[in-house]
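Some notes on the structure that comes next.
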Amino acid sequence: MATVNYDAYKVTRETFRALRDDVIVEEMAFKERKLQSGIILLDDDGKGHGIRPRWGKVYAIGPEQTEVTTGQWIMVAHGRWTRGVKIADGNGETVIRKVDNADILLVSDDDPGADDTLADAIDIYQR
């Protein structure tokens, strides 16, 4: 029986590169959310009511990518990202994912934080 290694892949941010116009994100928001009113919404990923766009921080971009830059925050349509891969770099461990370029809904230079009000509004509009 084969054993599976769940340790993080060791890379450096300087040697990691995306191809073509690919966008790689980290810090995708899958955790619980706290609304401005103080109500806490538990982690809902994988459930019907958890279908919504999510924010992620751009970790790396390919040389042909012209619409976003590393360090920006992007909102991605629900499910338009790959499964996460855990990596370790100079900043510690993080989970990165590739997102579909055509499904980037918004770009922000600032961290949107836990405020998913805009994500919920877009989700309602898309229905």
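Identifiers in the structure tokens: chain A, B, ... in order shown; residue index from 1 per chain; ligand index from 1 in order shown.
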
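Every protein or nucleic acid residue with an atom no more than 10 Å from Glu64 (chain A), counting only C-alpha atoms and leaving out same-chain residues fewer than 5 positions away, appears here: A:Ala18, A:Leu19, A:Arg20, A:Asp21, A:Asp22.
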
Would you please extract all strand (DSSP E) residues from region 53-115 of chain A, as assigned by DSSP on the backbone, and give them as an NGL selection string?
:A and (54-61 or 73-76 or 85-89 or 92-99 or 104-108)

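For the pair CA of Gln36 (chain A) and CA of Ala77 (chain A), the interatomic distance is 23.0 Å.
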
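Picture a line from CA of Arg52 (chain A) to CA of Ile104 (chain A); it runs 12.9 Å.
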
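Proximity of A:Glu67, A:His78, A:Glu26, A:Asp110 to Thr94 (chain A), computed with only C-alpha atoms, is greatest for A:Glu26.
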
Report as an MDAnalysis selection string all protein, DNA and RNA residues lying within 7 Å of Lys57 (chain A), evaluated on only C-alpha atoms, omitting residues in the same chain fewer than 3 positions from it.
chainID A and resid 25:28 71:74

Need to verify the contact set: Leu105 (chain A), 9 Å, only C-alpha atoms, exclusion of same-chain residues closer than 3 positions in sequence. Can you return it as a ChimeraX atom specification?
/A:53,74-77,102,122

Show me, as an mmCIF file with C-alpha atoms, in the first residue's frame, the residues that have an atom within 7 Å of Lys98 (chain A) when counting only C-alpha atoms, minus same-chain residues fewer than 4 positions from it.
data_model
loop_
_atom_site.group_PDB
_atom_site.id
_atom_site.type_symbol
_atom_site.label_atom_id
_atom_site.label_comp_id
_atom_site.auth_asym_id
_atom_site.auth_seq_id
_atom_site.Cartn_x
_atom_site.Cartn_y
_atom_site.Cartn_z
ATOM 1 C CA VAL A 23 -3.307 33.638 -12.296
ATOM 2 C CA ILE A 24 -2.372 31.845 -9.056
ATOM 3 C CA VAL A 25 -4.020 32.977 -5.808
ATOM 4 C CA TRP A 81 -10.547 27.576 -9.163
ATOM 5 C CA THR A 82 -8.502 24.411 -8.768
#

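Shell of Ala29 (chain A) at 7 Å, with only C-alpha atoms counted and residues fewer than 4 places along the chain excluded, is Arg54, Trp55 and Gly56 of chain A.
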
Write out, as a PDB file, in the first residue's frame, the residues just selected, with N, CA and C atoms.
ATOM      1  N   ARG A  54     -15.684  34.153  -4.335  1.00  0.00           N
ATOM      2  CA  ARG A  54     -14.726  34.252  -3.225  1.00  0.00           C
ATOM      3  C   ARG A  54     -13.570  35.162  -3.608  1.00  0.00           C
ATOM      4  N   TRP A  55     -13.012  35.816  -2.603  1.00  0.00           N
ATOM      5  CA  TRP A  55     -11.834  36.661  -2.780  1.00  0.00           C
ATOM      6  C   TRP A  55     -10.570  35.826  -2.617  1.00  0.00           C
ATOM      7  N   GLY A  56      -9.530  36.163  -3.352  1.00  0.00           N
ATOM      8  CA  GLY A  56      -8.223  35.550  -3.195  1.00  0.00           C
ATOM      9  C   GLY A  56      -7.144  36.575  -3.509  1.00  0.00           C
TER      10      GLY A  56
END

Pairwise distance, CA of Ser37 (chain A) with CA of Val58 (chain A), equals 29.1 Å
